[in-house]
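See below for coords_34.txt, which holds compact mmCIF, C-alpha atoms.
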```txt
# COMPACT_ATOMS: atom_id res chain seq x y z
CA MET A 1 -57.00 -79.43 55.00
CA THR A 2 -57.85 -81.69 57.97
CA ARG A 3 -59.63 -84.20 55.73
CA THR A 4 -56.69 -84.29 53.29
CA ILE A 5 -54.23 -84.88 56.13
CA ALA A 6 -56.45 -87.62 57.61
CA ILE A 7 -56.71 -89.42 54.24
CA LEU A 8 -52.97 -89.20 53.60
CA PHE A 9 -52.22 -90.35 57.15
CA ALA A 10 -54.56 -93.35 56.73
CA CYS A 11 -52.82 -94.34 53.47
CA CYS A 12 -49.41 -94.03 55.13
CA VAL A 13 -50.60 -96.20 58.04
CA ILE A 14 -51.67 -98.90 55.55
CA LEU A 15 -48.23 -98.88 53.92
CA TRP A 16 -46.46 -98.77 57.27
CA VAL A 17 -48.43 -101.78 58.55
CA CYS A 18 -47.59 -103.71 55.35
CA VAL A 19 -43.89 -102.86 55.76
CA SER A 20 -44.00 -103.85 59.47
CA GLN A 21 -45.49 -107.24 58.60
CA LEU A 22 -42.94 -107.74 55.84
CA ASN A 23 -40.17 -106.95 58.31
CA HIS A 24 -41.68 -109.43 60.78
CA TYR A 25 -41.26 -112.21 58.22
CA LEU A 26 -37.85 -110.97 57.01
CA ALA A 27 -36.54 -110.96 60.61
CA ASN A 28 -35.64 -114.67 60.19
CA LEU A 29 -33.14 -113.67 57.51
CA HIS A 30 -31.91 -110.57 59.36
CA LEU A 31 -33.21 -108.35 56.60
CA SER A 32 -35.23 -105.18 56.98
CA VAL A 33 -37.13 -102.88 54.65
CA PHE A 34 -37.38 -99.11 55.11
CA ALA A 35 -39.88 -97.11 53.05
CA GLY A 36 -39.83 -93.71 54.77
CA GLY A 37 -39.04 -91.86 51.54
CA LEU A 38 -42.21 -93.17 49.92
CA LEU A 39 -44.35 -91.84 52.77
CA VAL A 40 -43.30 -88.24 52.22
CA THR A 41 -43.10 -88.12 48.41
CA LEU A 42 -46.66 -87.52 47.18
CA PRO A 43 -47.58 -84.85 49.77
CA ALA A 44 -44.32 -83.02 49.02
CA LEU A 45 -44.78 -83.20 45.24
CA ARG A 46 -48.50 -82.63 44.84
CA LEU A 47 -49.92 -80.83 47.87
CA ASP A 48 -49.49 -77.45 49.51
CA PHE A 49 -46.67 -76.94 52.00
CA ARG A 50 -48.64 -77.04 55.24
CA THR A 51 -50.76 -80.12 54.40
CA GLY A 52 -47.62 -81.98 53.34
CA TRP A 53 -45.62 -81.28 56.44
CA TRP A 54 -48.48 -82.12 58.79
CA SER A 55 -48.87 -85.44 57.01
CA SER A 56 -45.09 -86.09 57.17
CA LEU A 57 -44.93 -85.13 60.84
CA LEU A 58 -47.83 -87.38 61.85
CA ILE A 59 -46.56 -90.50 60.11
CA GLY A 60 -43.06 -89.78 61.42
CA LEU A 61 -44.40 -89.61 64.97
CA LEU A 62 -46.33 -92.85 64.46
CA ILE A 63 -43.10 -94.61 63.44
CA ASP A 64 -41.26 -92.96 66.35
CA SER A 65 -43.80 -94.32 68.83
CA SER A 66 -42.76 -97.90 68.19
CA THR A 67 -39.05 -97.62 67.50
CA ALA A 68 -36.04 -97.28 69.76
CA VAL A 69 -35.26 -93.65 68.93
CA PRO A 70 -36.10 -90.36 70.67
CA PHE A 71 -39.69 -89.35 69.99
CA GLY A 72 -39.70 -86.88 67.11
CA PHE A 73 -36.61 -88.33 65.38
CA HIS A 74 -38.44 -89.64 62.31
CA GLY A 75 -40.92 -86.76 62.49
CA MET A 76 -38.19 -84.16 62.09
CA LEU A 77 -36.37 -86.15 59.40
CA PHE A 78 -39.58 -86.58 57.41
CA ILE A 79 -40.31 -82.85 57.64
CA ALA A 80 -36.76 -82.12 56.45
CA ALA A 81 -37.27 -84.50 53.50
CA HIS A 82 -40.62 -82.89 52.76
CA ILE A 83 -39.08 -79.41 52.75
CA GLY A 84 -36.20 -80.55 50.53
CA VAL A 85 -38.52 -82.11 47.94
CA PHE A 86 -41.03 -79.23 48.16
CA ASN A 87 -38.30 -76.69 47.46
CA LEU A 88 -37.14 -78.47 44.32
CA ARG A 89 -40.46 -79.61 42.89
CA GLY A 90 -41.07 -76.52 40.74
CA ARG A 91 -38.12 -77.41 38.50
CA PHE A 92 -39.37 -80.88 37.56
CA PRO A 93 -42.48 -82.54 36.04
CA ARG A 94 -43.92 -83.28 39.47
CA GLU A 95 -47.20 -84.79 38.20
CA GLU A 96 -45.38 -87.63 36.39
CA THR A 97 -45.48 -90.97 38.21
CA SER A 98 -42.01 -91.92 36.93
CA PHE A 99 -40.58 -88.71 38.40
CA GLY A 100 -42.41 -89.45 41.65
CA ILE A 101 -40.73 -92.86 41.80
CA ILE A 102 -37.30 -91.27 41.26
CA ILE A 103 -38.01 -88.77 44.07
CA ALA A 104 -39.26 -91.57 46.36
CA LEU A 105 -36.06 -93.57 45.74
CA THR A 106 -33.87 -90.50 46.33
CA ALA A 107 -35.73 -89.44 49.48
CA ASN A 108 -35.61 -93.01 50.79
CA LEU A 109 -31.87 -93.18 50.16
CA ALA A 110 -31.30 -89.83 51.90
CA LEU A 111 -33.43 -90.77 54.92
CA PHE A 112 -31.80 -94.20 55.21
CA VAL A 113 -28.31 -92.67 55.17
CA ALA A 114 -29.34 -89.97 57.68
CA ILE A 115 -30.80 -92.53 60.12
CA SER A 116 -27.77 -94.82 59.71
CA MET A 117 -25.37 -91.92 60.37
CA ALA A 118 -27.33 -90.95 63.47
CA LEU A 119 -27.56 -94.47 64.93
CA ILE A 120 -24.42 -96.30 63.80
CA HIS A 121 -22.51 -95.22 66.92
CA ARG A 122 -24.69 -97.59 68.96
CA SER A 123 -23.06 -100.63 67.36
CA PRO A 124 -19.96 -102.03 69.11
CA GLU A 125 -18.35 -102.59 65.69
CA PRO A 126 -19.74 -100.00 63.25
CA LEU A 127 -17.68 -101.25 60.30
CA ASP A 128 -19.30 -104.69 60.57
CA MET A 129 -22.70 -103.02 60.24
CA ILE A 130 -21.98 -101.42 56.88
CA SER A 131 -22.54 -104.57 54.79
CA ARG A 132 -25.83 -105.23 56.62
CA LEU A 133 -26.98 -101.64 56.07
CA LEU A 134 -26.05 -101.73 52.39
CA ILE A 135 -28.09 -104.91 51.84
CA ASP A 136 -31.02 -103.42 53.76
CA LEU A 137 -30.76 -100.26 51.66
CA LEU A 138 -30.71 -102.27 48.44
CA ILE A 139 -33.84 -104.27 49.26
CA SER A 140 -35.54 -101.11 50.57
CA GLU A 141 -34.92 -99.34 47.27
CA ILE A 142 -36.18 -102.36 45.31
CA PHE A 143 -39.30 -102.43 47.50
CA VAL A 144 -39.92 -98.69 47.04
CA PHE A 145 -39.44 -99.03 43.27
CA LEU A 146 -41.96 -101.88 43.14
CA VAL A 147 -44.71 -100.37 45.29
CA ALA A 148 -44.33 -96.64 44.59
CA GLY A 149 -46.72 -96.62 41.61
CA TRP A 150 -49.40 -98.50 43.57
CA PHE A 151 -48.97 -96.29 46.64
CA PHE A 152 -49.26 -93.04 44.66
CA ALA A 153 -52.40 -94.40 43.00
CA LEU A 154 -53.81 -95.43 46.40
CA GLN A 155 -53.22 -91.94 47.82
CA GLU A 156 -54.60 -90.16 44.76
CA ARG A 157 -57.69 -92.38 44.53
CA SER A 158 -58.33 -92.11 48.30
CA LEU A 159 -58.12 -88.32 48.08
CA GLU A 160 -60.57 -88.36 45.14
CA LEU A 161 -62.97 -90.56 47.12
CA GLY A 162 -62.64 -88.09 49.98
CA GLY A 163 -63.60 -85.24 47.67
CA VAL A 164 -60.08 -83.83 47.28
CA SER A 165 -58.96 -83.22 43.70
CA LEU A 166 -55.20 -83.03 43.10
CA ARG A 167 -55.77 -81.84 39.53
CA ARG A 168 -57.76 -78.82 40.72
CA GLU A 169 -55.08 -78.09 43.29
CA GLN A 170 -52.37 -78.13 40.60
CA ARG A 171 -54.32 -75.54 38.58
CA GLY A 172 -54.52 -73.36 41.66
CA LEU A 173 -58.28 -73.88 42.04
CA GLY A 174 -58.15 -75.33 45.56
CA PHE A 175 -58.73 -78.90 46.61
CA ARG A 176 -62.49 -79.14 46.03
CA MET B 177 -33.59 -59.93 44.65
CA LEU B 178 -33.50 -60.19 48.46
CA PRO B 179 -37.18 -61.09 48.92
CA LYS B 180 -36.85 -63.89 46.28
CA ARG B 181 -33.84 -65.34 48.07
CA PHE B 182 -35.68 -65.20 51.37
CA ASP B 183 -38.60 -67.00 49.73
CA GLN B 184 -36.25 -69.82 48.71
CA VAL B 185 -34.82 -70.30 52.20
CA LYS B 186 -38.16 -69.80 53.98
CA PRO B 187 -38.97 -73.55 54.14
CA PHE B 188 -35.59 -74.23 55.75
CA ILE B 189 -36.15 -71.46 58.29
CA THR B 190 -39.50 -73.12 58.99
CA LEU B 191 -37.68 -76.44 59.52
CA GLY B 192 -35.27 -74.78 61.95
CA LEU B 193 -38.15 -73.26 63.87
CA ILE B 194 -40.01 -76.59 64.00
CA VAL B 195 -36.92 -78.41 65.34
CA LEU B 196 -36.37 -75.65 67.89
CA ALA B 197 -40.01 -75.78 68.97
CA TRP B 198 -39.83 -79.58 69.23
CA LEU B 199 -36.76 -79.36 71.47
CA ILE B 200 -38.54 -77.13 73.96
CA VAL B 201 -41.77 -79.15 74.06
CA PRO B 202 -42.05 -80.56 77.63
CA THR B 203 -41.13 -84.24 78.07
CA VAL B 204 -44.54 -84.99 79.56
CA ILE B 205 -46.27 -83.93 76.34
CA LYS B 206 -43.84 -85.95 74.21
CA ARG B 207 -44.32 -89.03 76.40
CA THR B 208 -48.11 -88.72 76.28
CA ALA B 209 -48.01 -88.25 72.50
CA ARG B 210 -45.72 -91.27 72.11
CA LEU B 211 -48.00 -93.50 74.18
CA SER B 212 -51.06 -92.24 72.29
CA PHE B 213 -49.51 -92.95 68.90
CA PHE B 214 -48.41 -96.41 70.06
CA GLU B 215 -51.83 -97.32 71.43
CA PHE B 216 -53.34 -96.11 68.14
CA GLN B 217 -51.35 -98.65 66.12
CA ALA B 218 -51.13 -101.45 68.73
CA PRO B 219 -54.44 -103.08 67.64
CA LEU B 220 -53.03 -103.39 64.10
CA ASP B 221 -50.07 -105.44 65.37
CA THR B 222 -52.33 -107.57 67.56
CA ALA B 223 -54.81 -108.13 64.71
CA ALA B 224 -52.02 -109.19 62.34
CA ALA B 225 -50.62 -111.58 64.99
CA THR B 226 -54.07 -113.05 65.59
CA ALA B 227 -54.54 -113.53 61.83
CA ARG B 228 -51.22 -115.44 61.75
CA ASP B 229 -52.43 -117.64 64.62
CA VAL B 230 -55.64 -118.42 62.70
CA GLN B 231 -53.57 -119.27 59.61
CA ASP B 232 -51.42 -121.62 61.71
CA PHE B 233 -54.54 -123.20 63.19
CA TRP B 234 -56.04 -123.94 59.77
CA SER B 235 -52.75 -125.22 58.41
CA LEU B 236 -52.53 -127.60 61.40
CA ARG B 237 -56.08 -128.76 60.68
CA THR B 238 -54.81 -130.18 57.39
CA ARG B 239 -52.52 -132.62 59.22
CA SER B 240 -53.57 -136.26 59.27
CA ARG B 241 -54.71 -138.05 62.44
CA ASN B 242 -51.62 -140.30 62.39
CA GLU B 243 -49.38 -137.24 62.54
CA LEU B 244 -51.37 -135.88 65.49
CA ILE B 245 -51.15 -139.23 67.32
CA GLU B 246 -47.36 -139.30 66.78
CA ALA B 247 -47.09 -135.71 68.05
CA GLY B 248 -49.18 -136.70 71.10
CA ILE B 249 -46.84 -139.62 71.87
CA ASP B 250 -43.79 -137.31 71.58
CA LEU B 251 -45.48 -134.83 73.92
CA ALA B 252 -46.21 -137.59 76.45
CA HIS B 253 -42.50 -138.53 76.44
CA LEU B 254 -41.53 -134.89 76.96
CA ASN B 255 -44.07 -134.49 79.78
CA ALA B 256 -42.64 -137.55 81.57
CA LYS B 257 -39.15 -136.06 81.24
CA TYR B 258 -40.30 -132.69 82.56
CA GLU B 259 -42.10 -134.31 85.50
CA THR B 260 -38.76 -135.81 86.58
CA SER B 261 -37.05 -132.42 86.11
CA ILE B 262 -39.73 -130.71 88.24
CA GLN B 263 -39.18 -133.19 91.07
CA THR B 264 -35.39 -132.76 90.87
CA ARG B 265 -35.79 -128.97 90.85
CA ALA B 266 -38.06 -129.03 93.90
CA ALA B 267 -35.45 -131.09 95.78
CA LEU B 268 -32.66 -128.70 94.73
CA GLU B 269 -34.69 -125.62 95.72
CA GLY B 270 -35.26 -127.15 99.14
CA GLU B 271 -31.52 -127.78 99.47
CA VAL B 272 -30.72 -124.17 98.43
CA SER B 273 -33.21 -122.80 100.98
CA ARG B 274 -31.73 -125.00 103.71
CA LEU B 275 -28.18 -123.84 102.89
CA GLU B 276 -29.28 -120.17 102.72
CA GLU B 277 -30.78 -120.49 106.18
CA LEU B 278 -27.78 -122.37 107.55
CA LEU B 279 -25.20 -119.94 106.13
CA LYS B 280 -27.38 -116.82 106.63
CA LEU B 281 -27.12 -115.97 102.90
CA PRO B 282 -29.46 -113.48 101.19
CA SER B 283 -31.98 -115.41 99.10
CA TYR B 284 -32.32 -115.04 95.34
CA THR B 285 -35.15 -112.97 93.90
CA GLU B 286 -38.05 -115.23 92.97
CA TYR B 287 -39.80 -114.86 89.64
CA ARG B 288 -43.22 -115.65 88.25
CA SER B 289 -43.21 -116.88 84.64
CA GLU B 290 -45.60 -115.22 82.21
CA PRO B 291 -45.60 -116.79 78.73
CA ALA B 292 -46.40 -114.40 75.88
CA ARG B 293 -46.71 -114.63 72.12
CA VAL B 294 -44.72 -112.36 69.83
CA ALA B 295 -46.91 -109.90 67.92
CA ARG B 296 -44.18 -108.36 65.80
CA ARG B 297 -40.44 -108.70 65.29
CA ASP B 298 -38.47 -105.65 64.17
CA PHE B 299 -34.86 -106.68 63.54
CA SER B 300 -33.34 -103.84 61.54
CA GLY B 301 -29.69 -102.89 61.40
CA TRP B 302 -30.46 -99.92 63.64
CA TRP B 303 -32.42 -101.62 66.42
CA GLN B 304 -33.57 -105.10 67.45
CA ARG B 305 -36.88 -105.25 69.24
CA MET B 306 -40.16 -107.13 69.36
CA VAL B 307 -43.69 -106.50 70.54
CA ILE B 308 -45.32 -109.14 72.75
CA ARG B 309 -49.05 -109.56 73.32
CA LYS B 310 -49.11 -108.93 77.06
CA GLY B 311 -48.82 -105.63 78.86
CA ARG B 312 -50.22 -103.91 81.90
CA ASN B 313 -53.23 -106.26 81.73
CA TYR B 314 -50.85 -109.03 82.94
CA ASP B 315 -48.84 -106.83 85.35
CA ILE B 316 -45.73 -106.93 83.16
CA PRO B 317 -43.22 -104.53 84.74
CA GLU B 318 -40.73 -102.38 82.83
CA GLY B 319 -37.22 -103.87 82.85
CA ALA B 320 -38.43 -107.46 83.39
CA PRO B 321 -36.17 -110.13 81.87
CA VAL B 322 -37.52 -112.04 78.87
CA ILE B 323 -36.31 -115.57 78.10
CA PHE B 324 -37.01 -118.38 75.63
CA VAL B 325 -35.93 -121.96 75.13
CA GLY B 326 -32.48 -120.85 73.93
CA GLY B 327 -31.73 -118.49 76.83
CA VAL B 328 -32.11 -114.76 77.24
CA VAL B 329 -34.22 -112.84 74.69
CA GLY B 330 -33.87 -109.38 76.23
CA ARG B 331 -35.71 -107.14 78.62
CA VAL B 332 -39.03 -105.31 78.61
CA ARG B 333 -38.41 -101.72 77.58
CA VAL B 334 -41.88 -100.19 77.54
CA VAL B 335 -45.17 -101.59 78.84
CA HIS B 336 -48.43 -100.59 77.16
CA ALA B 337 -52.04 -101.47 77.96
CA TYR B 338 -52.15 -104.81 76.10
CA THR B 339 -48.67 -105.09 74.62
CA SER B 340 -45.04 -104.63 75.68
CA GLU B 341 -41.92 -103.71 73.77
CA VAL B 342 -38.91 -105.97 74.32
CA GLU B 343 -35.35 -104.84 73.65
CA LEU B 344 -33.35 -107.84 72.41
CA ILE B 345 -29.89 -108.81 73.59
CA SER B 346 -28.81 -108.38 69.96
CA ASN B 347 -29.87 -104.72 70.09
CA PRO B 348 -26.95 -102.35 69.51
CA GLY B 349 -26.17 -100.60 72.74
CA LEU B 350 -27.66 -103.15 75.14
CA ARG B 351 -25.11 -104.03 77.81
CA LEU B 352 -25.27 -106.85 80.36
CA ALA B 353 -23.09 -108.08 83.21
CA VAL B 354 -22.26 -111.67 82.31
CA THR B 355 -19.91 -114.44 83.29
CA ILE B 356 -18.48 -117.58 81.75
CA GLU B 357 -20.04 -120.83 82.91
CA GLY B 358 -17.99 -122.24 85.77
CA ASP B 359 -16.34 -118.90 86.47
CA THR B 360 -17.45 -116.10 88.77
CA ARG B 361 -15.53 -113.16 87.29
CA PRO B 362 -17.90 -110.59 85.76
CA LEU B 363 -17.58 -109.58 82.10
CA SER B 364 -19.39 -107.01 79.98
CA PHE B 365 -21.56 -108.14 77.06
CA GLN B 366 -22.82 -105.87 74.31
CA GLY B 367 -25.08 -106.94 71.44
CA GLY B 368 -25.29 -105.27 68.08
CA ILE B 369 -23.63 -107.22 65.26
CA ASN B 370 -26.46 -108.56 63.13
CA PRO B 371 -25.19 -109.79 59.78
CA THR B 372 -27.61 -110.62 56.98
CA LEU B 373 -28.55 -114.31 56.67
CA GLY B 374 -26.59 -115.26 59.79
CA PRO B 375 -27.08 -115.51 63.53
CA ALA B 376 -26.77 -112.36 65.62
CA ARG B 377 -23.48 -111.79 67.37
CA GLY B 378 -22.28 -109.67 70.24
CA THR B 379 -19.04 -108.68 71.87
CA VAL B 380 -17.67 -109.43 75.32
CA GLU B 381 -15.15 -107.23 77.10
CA PHE B 382 -12.95 -107.46 80.20
CA VAL B 383 -12.27 -111.16 79.61
CA PRO B 384 -9.40 -112.33 81.91
CA LEU B 385 -6.18 -113.21 80.08
CA ASP B 386 -6.32 -116.89 81.11
CA VAL B 387 -9.64 -117.47 79.31
CA THR B 388 -9.51 -119.04 75.86
CA ALA B 389 -12.26 -119.81 73.37
CA THR B 390 -12.29 -121.00 69.77
CA PRO B 391 -15.08 -121.95 67.34
CA SER B 392 -14.26 -125.63 67.99
CA ALA B 393 -14.11 -125.15 71.78
CA PRO B 394 -16.58 -122.34 72.59
CA ARG B 395 -17.36 -121.18 76.14
CA ARG B 396 -20.93 -120.73 77.31
CA LEU B 397 -21.74 -117.19 78.41
CA ILE B 398 -24.36 -116.84 81.14
CA THR B 399 -25.94 -114.03 83.10
CA SER B 400 -24.07 -113.13 86.27
CA GLY B 401 -27.02 -111.96 88.35
CA LEU B 402 -25.26 -108.63 88.93
CA GLY B 403 -27.39 -105.58 88.28
CA GLY B 404 -30.49 -107.24 89.68
CA ILE B 405 -32.41 -107.57 86.41
CA PHE B 406 -31.54 -111.06 85.18
CA PRO B 407 -31.32 -114.07 87.49
CA PRO B 408 -27.91 -115.79 87.32
CA GLY B 409 -27.23 -118.75 85.04
CA LEU B 410 -29.34 -117.89 81.98
CA THR B 411 -27.65 -118.59 78.64
CA ILE B 412 -26.61 -115.56 76.58
CA GLY B 413 -24.60 -117.32 73.86
CA GLN B 414 -21.28 -118.95 73.10
CA ILE B 415 -17.93 -117.14 73.10
CA VAL B 416 -16.30 -118.34 69.89
CA ARG B 417 -13.22 -116.12 69.80
CA VAL B 418 -11.15 -114.04 72.22
CA ASP B 419 -8.28 -111.70 71.35
CA PRO B 420 -6.08 -109.55 73.58
CA SER B 421 -7.44 -106.01 73.81
CA THR B 422 -5.28 -103.01 72.95
CA ASP B 423 -4.45 -102.19 76.59
CA GLY B 424 -3.13 -105.73 77.20
CA LEU B 425 -4.90 -106.00 80.55
CA PHE B 426 -7.90 -107.99 79.31
CA LYS B 427 -9.17 -109.82 76.27
CA SER B 428 -12.24 -109.01 74.22
CA GLY B 429 -14.19 -111.57 72.28
CA GLU B 430 -17.02 -112.43 69.96
CA VAL B 431 -20.25 -114.03 71.15
CA LYS B 432 -22.49 -116.09 68.89
CA LEU B 433 -26.14 -115.82 69.93
CA ASP B 434 -28.70 -118.59 69.53
CA PRO B 435 -29.91 -118.63 65.88
CA ARG B 436 -33.45 -119.44 67.09
CA LEU B 437 -33.60 -115.87 68.40
CA ASN B 438 -34.30 -114.75 64.80
CA SER B 439 -37.56 -116.67 64.60
CA VAL B 440 -38.77 -116.67 68.20
CA SER B 441 -42.56 -116.64 68.43
CA GLU B 442 -43.17 -117.51 72.08
CA VAL B 443 -41.28 -116.01 75.03
CA THR B 444 -41.51 -116.00 78.82
CA VAL B 445 -41.42 -112.83 80.88
CA LEU B 446 -39.90 -113.29 84.35
CA ILE B 447 -41.79 -111.10 86.79
CA PRO B 448 -40.05 -110.58 90.14
CA ILE B 449 -42.20 -111.64 93.09
CA ARG B 450 -41.91 -108.92 95.69
CA SER B 451 -41.58 -110.33 99.20
CA GLU B 452 -43.53 -108.66 102.00
```
Kindly present the structure from the file in structure tokens form.
Amino acid sequence: MTRTIAILFACCVILWVCVSQLNHYLANLHLSVFAGGLLVTLPALRLDFRTGWWSSLLIGLLIDSSTAVPFGFHGMLFIAAHIGVFNLRGRFPREETSFGIIIALTANLALFVAISMALIHRSPEPLDMISRLLIDLLISEIFVFLVAGWFFALQERSLELGGVSLRREQRGLGFR
Amino acid sequence: MLPKRFDQVKPFITLGLIVLAWLIVPTVIKRTARLSFFEFQAPLDTAAATARDVQDFWSLRTRSRNELIEAGIDLAHLNAKYETSIQTRAALEGEVSRLEELLKLPSYTEYRSEPARVARRDFSGWWQRMVIRKGRNYDIPEGAPVIFVGGVVGRVRVVHAYTSEVELISNPGLRLAVTIEGDTRPLSFQGGINPTLGPARGTVEFVPLDVTATPSAPRRLITSGLGGIFPPGLTIGQIVRVDPSTDGLFKSGEVKLDPRLNSVSEVTVLIPIRSE
């Protein structure tokens, strides 16, 4: 389990660094991309409960460490998203990439709305923030849609290279 | 049926227990974990910033010699101008010291300037912050004011080993004691309106009723020096509109911040010099 969590965490760090650099360049335009939903999707859809929530918690805490929110804020939200997706996954074709993209978009939307609801009170004029948040949400969803397929493939291939087979896990044969 | 139902809600009970456990984790552990996670990813920010510097260096190498000579001439002109400013400033500082001594006034806090490059900007709708490439290794203190060519950038929020996090004046929730240039009455500034594709804005409260400002005749907003963090006289932005507040006792207004704040890549941290 530790190796699986480490591989997933490393993949999430790669995506998070890419998103951070993208946001650095988009700062000129006052635009921002959020891809939290994508970070929790594959572990919630394809892995066992405990591995998934450890992975979600760790990447959430990494994001918390460099943002202006109480430590654990993203961690708890990511675990909640993981639990929500994990609870529903049995009813859908969870191995399909297209379904994974839909879940990533939905989870990203839910997390974005939850964070906005929790932090909007900080703004002196919350109504003025809504248009900004809607544009940020739109470009975030476009970004997630574009990179989700690549990111799922990166995670799956990295796990295979690390000796973890998702196909065996789905058949109930364990990871290796 | 009861066990099946319990099985369905079990993950949510787990979530509740995790949140509860997180709430009772001691602050010391959370703070240590936060610092550890930050230091884990700090080299990634620094490496990316260094890669950008290398890119800039190689793109500058493509410039022709004539362009470099012209840039050198412009720099020489600027240096001559700054030399004059330095001499004027030294004379003015001497005059201020003489008057302070004569009138027995408390002297202003002195600051040491520490230039730093920006490693990463993070200007989301939820927070506005940046990471600079100097930290405890350059004795950057928490709460130190950060400025740039256009005025105030913000203040240092957290200091790490080799980097520091700066909270911008456009950050929602950041409040400052400010004043209008040429006036001594204190006002309250709050950042936090950051529209897409436009300069950041803020709000100003407790504006006296006799103050007016319009987009065609804006008023410069500067730091007041109250609160002890920012030295007085640093530019915050321009008040472009004031309207009577609901209580009728004061006005509240809109402040336009410097658009260069969006693309700032080099800042200066003002480090207070502690007198013996």
For chain B, which residue out of A:Ala114, A:Ile120, A:Leu166, A:Val19 is the nearest one, using only C-alpha atoms?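 Ranking A:Ala114, A:Ile120, A:Leu166, A:Val19 by distance to chain B, first place goes to A:Ile120.
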Two-atom distance - CA of Val69 in chain A, CA of Ile139 in chain A (Å): 22.4 Å
Please produce, as a Markdown table, a per-residue contact table for chain A versus chain B (criterion: any atom at most 7 Å away, all atoms listed in the file considered), showing the nearest atom pair and its distance in Å to one decimal, sorted by chain then residue number.
```
| residue | atom | partner | partner_atom | distance |
| --- | --- | --- | --- | --- |
| A:Asn23 | CA | B:Asp298 | CA | 6.2 |
| A:His24 | CA | B:Arg297 | CA | 4.7 |
| A:Ala27 | CA | B:Phe299 | CA | 5.5 |
| A:Asn28 | CA | B:Asn438 | CA | 4.8 |
| A:Leu29 | CA | B:Leu373 | CA | 4.7 |
| A:His30 | CA | B:Thr372 | CA | 4.9 |
| A:Leu31 | CA | B:Thr372 | CA | 6.1 |
| A:Ser32 | CA | B:Ser300 | CA | 5.1 |
| A:Leu62 | CA | B:Phe213 | CA | 5.5 |
| A:Ser65 | CA | B:Arg210 | CA | 4.9 |
| A:Ser66 | CA | B:Phe214 | CA | 6.1 |
| A:Ala68 | CA | B:Trp303 | CA | 6.6 |
| A:Phe71 | CA | B:Arg210 | CA | 6.7 |
| A:Met76 | CA | B:Val195 | CA | 6.7 |
| A:Ala80 | CA | B:Leu191 | CA | 6.5 |
| A:Ile83 | CA | B:Pro187 | CA | 6.0 |
| A:Ser116 | CA | B:Trp302 | CA | 7.0 |
| A:Leu119 | CA | B:Trp302 | CA | 6.3 |
| A:Arg122 | CA | B:Gly349 | CA | 5.1 |
| A:Ser123 | CA | B:Pro348 | CA | 4.8 |
| A:Pro124 | CA | B:Gly368 | CA | 6.3 |
| A:Asp128 | CA | B:Ile369 | CA | 6.9 |
| A:Met129 | CA | B:Ile369 | CA | 6.6 |
| A:Arg132 | CA | B:Pro371 | CA | 5.6 |
| A:Leu133 | CA | B:Gly301 | CA | 6.1 |
```
Excluding Glu95 in chain A and any residue of its chain fewer than 3 positions from it, enumerate the residues within 10 Å of it, using only C-alpha atoms, and give them as a PDB file with C-alpha atoms, keeping the file's coordinate frame.
```
ATOM      1  CA  LEU A  42     -46.660 -87.520  47.180  1.00  0.00           C
ATOM      2  CA  LEU A  45     -44.780 -83.200  45.240  1.00  0.00           C
ATOM      3  CA  ARG A  46     -48.500 -82.630  44.840  1.00  0.00           C
ATOM      4  CA  ARG A  89     -40.460 -79.610  42.890  1.00  0.00           C
ATOM      5  CA  PHE A  92     -39.370 -80.880  37.560  1.00  0.00           C
ATOM      6  CA  SER A  98     -42.010 -91.920  36.930  1.00  0.00           C
ATOM      7  CA  PHE A  99     -40.580 -88.710  38.400  1.00  0.00           C
ATOM      8  CA  GLY A 100     -42.410 -89.450  41.650  1.00  0.00           C
ATOM      9  CA  LEU A 166     -55.200 -83.030  43.100  1.00  0.00           C
ATOM     10  CA  ARG A 167     -55.770 -81.840  39.530  1.00  0.00           C
ATOM     11  CA  GLN A 170     -52.370 -78.130  40.600  1.00  0.00           C
TER      12      GLN A 170
END
```
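With all atoms listed in the file as the atoms that count, the minimum distance from Leu61 in chain A to the choices A:Val13, A:Leu159, A:Ala110, A:Ile115 is reached by A:Val13.
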So which residues touch Ala81 in chain A within 8 Å, counting all atoms listed in the file, skipping near sequence neighbours fewer than 3 positions away, as a list of chain:residue names?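 Counting only the stated atoms, we get A:Gly37, A:Val40, A:Leu77, A:Phe78, A:Gly84, A:Val85, A:Ala107, A:Leu111.
Proximity of B:Leu268, B:Leu193, B:Val431, B:Ile316 to Val445 in chain B, computed with only C-alpha atoms, is greatest for B:Ile316.
Nearest residue to Ser158 in chain A, choosing from A:Trp54, A:Phe9, A:Phe112, A:Tyr25 and counting all atoms listed in the file: A:Phe9.
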Would you mind reading off the distance between CA of Pro126 in chain A and CA of Glu430 in chain B, one decimal, in Å? 14.4 Å
What gap, in Å, lies between CA of Pro391 in chain B and CA of Arg417 in chain B?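 Computing the Euclidean distance for CA of Pro391 in chain B and CA of Arg417 in chain B yields 6.6 Å.
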Rank A:Val113, A:Ile79, A:Leu57, A:Ala44 by their smallest atom-to-atom distance to Phe152 in chain A, using only C-alpha atoms, and report the top residue only.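 Looking at the shortest contact to Phe152 in chain A, the residue is A:Ala44.
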